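Colleague: File name target-v6.cif; file contents mmCIF, C-alpha atoms and all ligand atoms; full text below.
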```cif
data_protein
#
loop_
_atom_site.group_PDB
_atom_site.id
_atom_site.type_symbol
_atom_site.label_atom_id
_atom_site.label_comp_id
_atom_site.auth_asym_id
_atom_site.auth_seq_id
_atom_site.Cartn_x
_atom_site.Cartn_y
_atom_site.Cartn_z
ATOM 1 C CA MET A 3 -59.553 -157.542 165.435
ATOM 2 C CA SER A 4 -59.380 -160.819 163.579
ATOM 3 C CA ASP A 5 -56.339 -161.811 161.536
ATOM 4 C CA PHE A 6 -58.306 -163.482 158.775
ATOM 5 C CA ASN A 7 -61.296 -163.015 156.468
ATOM 6 C CA TRP A 8 -63.539 -165.601 154.920
ATOM 7 C CA CYS A 9 -63.296 -165.505 151.134
ATOM 8 C CA HIS A 10 -66.112 -163.348 149.751
ATOM 9 C CA GLY A 11 -66.560 -165.448 146.607
ATOM 10 C CA PRO A 12 -70.249 -166.408 146.596
ATOM 11 C CA GLN A 13 -69.440 -169.919 145.328
ATOM 12 C CA CYS A 14 -66.133 -170.458 147.182
ATOM 13 C CA HIS A 15 -67.670 -173.257 149.275
ATOM 14 C CA GLU A 16 -68.931 -175.059 146.152
ATOM 15 C CA LYS A 17 -65.553 -175.504 144.446
ATOM 16 C CA HIS A 18 -64.209 -179.043 144.550
ATOM 17 C CA THR A 19 -60.690 -178.771 145.974
ATOM 18 C CA VAL A 20 -59.260 -180.929 148.760
ATOM 19 C CA ASP A 21 -58.106 -177.911 150.796
ATOM 20 C CA ARG A 22 -61.785 -176.919 151.268
ATOM 21 C CA VAL A 23 -62.788 -180.302 152.708
ATOM 22 C CA ARG A 24 -63.582 -180.109 156.434
ATOM 23 C CA GLY A 25 -65.457 -182.149 159.033
ATOM 24 C CA VAL A 26 -65.440 -185.673 160.380
ATOM 25 C CA LYS A 27 -65.981 -188.857 158.405
ATOM 26 C CA GLY A 28 -69.624 -189.243 157.424
ATOM 27 C CA SER A 29 -70.391 -185.499 157.620
ATOM 28 C CA LYS A 30 -67.775 -183.858 155.404
ATOM 29 C CA VAL A 31 -68.333 -180.400 153.895
ATOM 30 C CA LEU A 32 -66.704 -178.046 151.410
ATOM 31 C CA ARG A 33 -65.996 -174.872 153.395
ATOM 32 C CA THR A 34 -65.304 -171.296 152.306
ATOM 33 C CA ARG A 35 -61.548 -170.636 152.287
ATOM 34 C CA LYS A 36 -60.067 -168.632 155.139
ATOM 35 C CA ILE A 37 -57.686 -165.837 154.076
ATOM 36 C CA LYS A 38 -54.905 -165.064 156.524
ATOM 37 C CA LEU A 39 -54.171 -161.323 156.538
ATOM 38 C CA ASN A 40 -50.547 -160.275 156.035
ATOM 39 C CA GLN A 41 -48.496 -157.333 154.811
ATOM 40 C CA TRP A 42 -49.017 -158.282 151.140
ATOM 41 C CA ASN A 43 -52.799 -158.635 151.064
ATOM 42 C CA SER A 44 -54.080 -156.425 153.898
ATOM 43 C CA ASN A 45 -54.652 -153.299 151.808
ATOM 44 C CA SER A 46 -55.979 -154.928 148.663
ATOM 45 C CA GLN A 47 -58.788 -157.081 147.286
ATOM 46 C CA TRP A 48 -56.691 -160.149 148.142
ATOM 47 C CA ALA A 49 -57.699 -159.688 151.774
ATOM 48 C CA PHE A 50 -61.195 -160.711 150.645
ATOM 49 C CA PHE A 51 -60.725 -163.189 147.798
ATOM 50 C CA CYS A 52 -58.796 -166.466 147.737
ATOM 51 C CA SER A 53 -58.491 -166.426 143.919
ATOM 52 C CA ASN A 54 -59.278 -164.532 140.710
ATOM 53 C CA HIS A 55 -62.086 -167.014 140.175
ATOM 54 C CA CYS A 56 -63.787 -166.073 143.461
ATOM 55 C CA GLN A 57 -63.283 -162.356 142.752
ATOM 56 C CA ASN A 58 -64.861 -162.779 139.301
ATOM 57 C CA ASP A 59 -67.809 -164.651 140.826
ATOM 58 C CA PHE A 60 -68.328 -161.775 143.272
ATOM 59 C CA TRP A 61 -68.266 -159.218 140.404
ATOM 60 C CA LYS A 62 -70.707 -161.307 138.376
ATOM 61 C CA GLU A 63 -73.174 -161.367 141.247
ATOM 62 C CA TYR A 64 -72.747 -157.819 142.615
ATOM 63 C CA ALA A 65 -71.442 -155.635 139.731
ATOM 64 C CA THR A 66 -74.422 -153.252 139.761
ATOM 65 C CA GLN A 67 -74.161 -152.705 143.504
ATOM 66 C CA ILE A 68 -70.350 -152.352 143.443
ATOM 67 C CA VAL A 69 -70.434 -149.718 140.686
ATOM 68 C CA ALA A 70 -73.125 -147.802 142.595
ATOM 69 C CA ILE A 71 -70.433 -146.986 145.214
ATOM 70 C CA ALA A 72 -68.623 -144.761 142.691
ATOM 71 C CA PRO A 73 -70.781 -144.315 139.592
ATOM 72 C CA ARG A 74 -69.249 -142.899 136.401
ATOM 73 C CA THR A 75 -71.871 -140.776 134.660
ATOM 74 C CA GLU A 76 -69.488 -138.828 132.414
ATOM 75 C CA CYS A 77 -66.321 -139.741 130.557
ATOM 76 C CA GLN A 78 -62.964 -138.461 131.769
ATOM 77 C CA GLU A 79 -60.161 -137.027 129.642
ATOM 78 C CA THR A 80 -56.389 -136.700 129.954
ATOM 79 C CA PRO A 81 -54.942 -133.761 127.972
ATOM 80 C CA ILE A 82 -52.171 -134.930 125.614
ATOM 81 C CA ASN A 83 -49.740 -133.341 123.185
ATOM 82 C CA ASP A 84 -50.296 -134.067 119.490
ATOM 83 C CA PRO A 85 -49.183 -137.700 119.028
ATOM 84 C CA VAL A 86 -45.863 -138.109 117.191
ATOM 85 C CA LYS A 87 -45.679 -140.959 114.687
ATOM 86 C CA THR A 88 -42.180 -142.149 113.879
ATOM 87 C CA ARG A 89 -40.997 -144.765 111.380
ATOM 88 C CA HIS A 90 -38.502 -147.423 112.455
ATOM 89 C CA SER A 91 -36.838 -150.114 110.391
ATOM 90 C CA ASN A 92 -34.299 -152.893 110.485
ATOM 91 C CA ASN A 93 -32.993 -155.236 107.773
ATOM 92 C CA TRP A 94 -36.248 -157.192 107.595
ATOM 93 C CA HIS A 95 -39.152 -154.876 108.100
ATOM 94 C CA SER A 96 -40.329 -151.443 109.171
ATOM 95 C CA TRP A 97 -42.925 -150.302 111.642
ATOM 96 C CA TYR A 98 -44.383 -147.175 113.153
ATOM 97 C CA ASN A 99 -44.500 -146.119 116.777
ATOM 98 C CA THR A 100 -46.828 -143.418 117.962
ATOM 99 C CA GLU A 101 -45.639 -141.596 121.054
ATOM 100 C CA ILE A 102 -48.341 -140.228 123.310
ATOM 101 C CA THR A 103 -47.323 -137.831 126.096
ATOM 102 C CA VAL A 104 -49.420 -136.029 128.674
ATOM 103 C CA ASP A 105 -49.702 -132.272 128.276
ATOM 104 C CA GLU A 106 -48.731 -131.233 131.794
ATOM 105 C CA SER A 107 -49.612 -127.567 131.074
ATOM 106 C CA ARG A 108 -53.279 -128.520 130.672
ATOM 107 C CA GLN A 109 -53.393 -130.893 133.639
ATOM 108 C CA SER A 110 -55.794 -129.651 136.268
HETATM 109 ZN ZN ZN A 201 -62.665 -168.245 147.466
#
```
If you took the structure in this file and wrote it as structure tokens, what would it be?
Ligand SMILES: [Zn+2]

Modeller:
Amino acid sequence: MSDFNWCHGPQCHEKHTVDRVRGVKGSKVLRTRKIKLNQWNSNSQWAFFCSNHCQNDFWKEYATQIVAIAPRTECQETPINDPVKTRHSNNWHSWYNTEITVDESRQS
């Protein structure tokens, strides 16, 4: 098993950064970044993307196909208790907080 992945950003190799420059003088290229796998990225998307930018590019290009893996055809709901609105104030102003708690008795 390999200890790295190539970044999956479809335009990774087109971004102008010096760390992507490879090759000998006269035939230089911009190369896709290599992502070294470690304990912090191995079980997440960061094993496949070198940056948020590359991850966003991937989503832009493949969103329809990605969502097809786990389509959401209906909304989901979390049962809650009736929200409690409370008024707070200090010397300068007042504000309201609304506390929302999950109704564990209706949790499936
Ligand atoms: Zn990348």

Colleague: Which residue, A:Phe6, A:Trp42, A:Phe50, A:Trp97, has the smallest gap to ligand ZN 201 (chain A) when you use all atoms listed in the file?

Modeller: A:Phe50

Colleague: Run through the PyMOL selection byres (((not hetatm)) within 10 of (chain A and resi 201)) on the given coordinates and return the selected residues as JSON, numbers by chain.

Modeller: {"A": [8, 9, 10, 11, 12, 13, 14, 15, 16, 17, 22, 33, 34, 35, 36, 37, 50, 51, 52, 53, 54, 55, 56, 57, 59, 60]}

Colleague: Could the residues in this selection be saved with C-alpha atoms as a compact mmCIF listing (two decimals), in the frame of the given file?

Modeller:
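Generated file (part-v8.txt):
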```
# COMPACT_ATOMS: atom_id res chain seq x y z
CA TRP A 8 -63.54 -165.60 154.92
CA CYS A 9 -63.30 -165.50 151.13
CA HIS A 10 -66.11 -163.35 149.75
CA GLY A 11 -66.56 -165.45 146.61
CA PRO A 12 -70.25 -166.41 146.60
CA GLN A 13 -69.44 -169.92 145.33
CA CYS A 14 -66.13 -170.46 147.18
CA HIS A 15 -67.67 -173.26 149.28
CA GLU A 16 -68.93 -175.06 146.15
CA LYS A 17 -65.55 -175.50 144.45
CA ARG A 22 -61.78 -176.92 151.27
CA ARG A 33 -66.00 -174.87 153.40
CA THR A 34 -65.30 -171.30 152.31
CA ARG A 35 -61.55 -170.64 152.29
CA LYS A 36 -60.07 -168.63 155.14
CA ILE A 37 -57.69 -165.84 154.08
CA PHE A 50 -61.20 -160.71 150.65
CA PHE A 51 -60.72 -163.19 147.80
CA CYS A 52 -58.80 -166.47 147.74
CA SER A 53 -58.49 -166.43 143.92
CA ASN A 54 -59.28 -164.53 140.71
CA HIS A 55 -62.09 -167.01 140.18
CA CYS A 56 -63.79 -166.07 143.46
CA GLN A 57 -63.28 -162.36 142.75
CA ASP A 59 -67.81 -164.65 140.83
CA PHE A 60 -68.33 -161.78 143.27
```

Colleague: List, as number ranges by chain, every residue that the PyMOL selection byres (((chain A and resi 83-92) around 10) and not hetatm) selects in the file provided.

Modeller: A: 81-82, 93-108

Colleague: How big is the axis-aligned box around the listed atoms of stretch 65-69 of chain A once 5 Å is added on each side, and where is its centre? Give both in Å to one decimal, as JSON.

Modeller:
```
{"center_x": -72.4, "center_y": -152.7, "center_z": 141.6, "size_x": 14.1, "size_y": 15.9, "size_z": 13.8}
```

Colleague: So how far away is atom CA of A:Val31 from atom CA of A:Thr19, in Å?

Modeller: 11.1 Å
